[in-house]
Amino acid sequence: MKQVKEDTKMLVSTEVATPEHVELALKYGIDILWIGARTSANPFAMQAIADALKGVDVPVFVKNPVNPDLELWIGALERLNQAGVKRLGAIHRGFSSYEQKIYRNAPMWQIPIELRRRIPALPLISDPSHIGGRRELVAPLCQQAMDLGFDGLIIESHCDPDKAWSDAKQQVTPDVLDYILSLLVIRDEKQSTEGITQLRKQIDELDNQLMDLLAKRMKVCREIGQYKKEHNMTVLQANRYNEILNKRGAQGSLCGMDPEFVAHVFENIHEESVRQQIEIINK
């Protein structure tokens, strides 16, 4: 890698997973370090790497942990920051899932979006190669990340992807990479928003209506909780819960929404309903 840097005059970067990796990378002048998803999930490994980077001024990017745990991701970043690493960035590479779906790693965009909300100044990079797991998914994922305001992309490229030693299916040739980048549309987030002010007002009004409806729903749930208390009934009624999820998921689909999204919303609503009913029963 040192030879590549000298020959190409380009910056070079590599993944580090141990203090020994850090020592070697710094010894040979690696410009940027990144920490992988399995390492960022391990607080002990993160602390060891943070200790090895004390007093070193080098950019470090941290991939999200394998599991969808925002606090663990932020904790990894904080350990490095507390060790004096100031040039930090986050890489969103998606999250592992037991279910085999279209993506190798579920993007769960809401998690990096929440990270951006909490730490606005933190550079946020998308890794469409690891999210998609297949080269034909790289281009649309790149555009989606740019549309969501990500600061950059980390894309795997190989002169002969099918002969790559690892992750061959998700790599693209340099020519294809150039083509993908040439088609990217970069939005101007600083552009005037006057044109959507009225639409945003409508959103605010609808959100207020949603909150009012939720409050009314919770009032009915508390009344149900009182009834269950008086008749010595368990709070959780599994059949009713499944009925709600199935019905609302189907309704969501008919209304042009992802059934899983609708189910997730009602799972949270049900969780809060259960919490309030338990509170009543235990009074």
# chains A, B, ... in the order shown; residues from 1 in each chain; ligands from 1
>>> residues_around(residues="Glu78 (chain A)", least_positions_apart="3", cutoff="12 Å", atoms="only C-alpha atoms", output="PyMOL selection string")
chain A and resi 40+43+46-47+50+62+71-75+81-86+88-90+119+122
>>> residues_around(residues="Lys5 (chain A)", least_positions_apart="5", cutoff="9 Å", atoms="only C-alpha atoms", output="PyMOL selection string")
chain A and resi 10-12+29-30
>>> residues_around(residues="region 256-271 of chain A", least_positions_apart="3", cutoff="8 Å", atoms="only C-alpha atoms", output="list in words")
Tyr241, Ile244, Leu245, Asn246, Arg248, Gly249, Ala250, Gln251, Gly252, Ser253, Val274 and Arg275 of chain A
>>> write_last_selection(atoms="N, CA and C atoms", output="short mmCIF file (atom, residue, chain, number, x, y, z; two decimals), in the first residue's frame")
data_model
loop_
_atom_site.label_atom_id
_atom_site.label_comp_id
_atom_site.auth_asym_id
_atom_site.auth_seq_id
_atom_site.Cartn_x
_atom_site.Cartn_y
_atom_site.Cartn_z
N TYR A 241 -53.63 -9.12 19.28
CA TYR A 241 -52.42 -8.44 18.80
C TYR A 241 -52.12 -8.85 17.36
N ILE A 244 -54.59 -7.30 14.91
CA ILE A 244 -54.31 -5.88 14.63
C ILE A 244 -53.19 -5.74 13.60
N LEU A 245 -52.09 -6.47 13.82
CA LEU A 245 -50.94 -6.36 12.91
C LEU A 245 -51.29 -6.80 11.50
N ASN A 246 -52.01 -7.91 11.38
CA ASN A 246 -52.38 -8.41 10.05
C ASN A 246 -53.32 -7.45 9.33
N ARG A 248 -53.87 -4.16 9.90
CA ARG A 248 -53.26 -2.86 9.60
C ARG A 248 -52.20 -2.98 8.50
N GLY A 249 -51.48 -4.11 8.47
CA GLY A 249 -50.52 -4.32 7.40
C GLY A 249 -51.20 -4.38 6.05
N ALA A 250 -52.33 -5.10 5.98
CA ALA A 250 -53.10 -5.20 4.73
C ALA A 250 -53.66 -3.84 4.33
N GLN A 251 -54.15 -3.08 5.32
CA GLN A 251 -54.66 -1.75 5.04
C GLN A 251 -53.55 -0.85 4.51
N GLY A 252 -52.38 -0.96 5.11
CA GLY A 252 -51.25 -0.14 4.66
C GLY A 252 -50.90 -0.41 3.22
N SER A 253 -50.91 -1.69 2.85
CA SER A 253 -50.61 -2.06 1.47
C SER A 253 -51.61 -1.45 0.49
N VAL A 274 -49.73 -1.55 26.02
CA VAL A 274 -49.47 -2.57 27.05
C VAL A 274 -48.85 -1.92 28.28
N ARG A 275 -47.89 -1.02 28.05
CA ARG A 275 -47.23 -0.35 29.18
C ARG A 275 -48.25 0.40 30.04
#
>>> select_by_dssp(residues="region 217-262 of chain A", states="helix (DSSP H, G or I)", output="PyMOL selection string")
chain A and resi 217-230+238-254+259-262
>>> atom_distance(atom1="CA of Phe95 (chain A)", atom2="CA of Pro107 (chain A)")
6.3 Å
>>> residues_around(residues="Leu141 (chain A)", least_positions_apart="4", cutoff="10 Å", atoms="only C-alpha atoms", output="ChimeraX atom specification")
/A:107,126-129,131-132,136-137,145-147,153
>>> select_by_dssp(residues="region 21-139 of chain A", states="strand (DSSP E or B)", output="ChimeraX atom specification")
/A:32-35,60-63,88-92,95,106,124-126
>>> closest_residue(among="A:Lys63, A:Arg187, A:Lys229, A:Arg118", to="Gln143 (chain A)", atoms="only C-alpha atoms")
A:Arg187
>>> closest_residue(among="A:Asn208, A:Ser166, A:Thr39, A:Ser96", to="Pro19 (chain A)", atoms="only C-alpha atoms")
A:Thr39
>>> residues_around(residues="Ala25 (chain A)", least_positions_apart="6", cutoff="8 Å", atoms="only C-alpha atoms", output="ChimeraX atom specification")
/A:14,16,33
>>> closest_residue(among="A:Gly55, A:Gly149, A:Pro123, A:Pro140", to="Leu183 (chain A)", atoms="only C-alpha atoms")
A:Pro140
>>> closest_residue(among="A:Glu279, A:Asp57, A:Asp151, A:Asp7", to="Lys228 (chain A)", atoms="only C-alpha atoms")
A:Glu279
>>> closest_residue(among="A:Ile35, A:Ile280, A:Gln198, A:Thr234", to="Cys221 (chain A)", atoms="only C-alpha atoms")
A:Ile280
>>> closest_residue(among="A:Asn242, A:Asn64, A:Gln276, A:Ser157", to="Val172 (chain A)", atoms="only C-alpha atoms")
A:Ser157
>>> atom_distance(atom1="CA of Tyr28 (chain A)", atom2="CA of Phe44 (chain A)")
25.4 Å
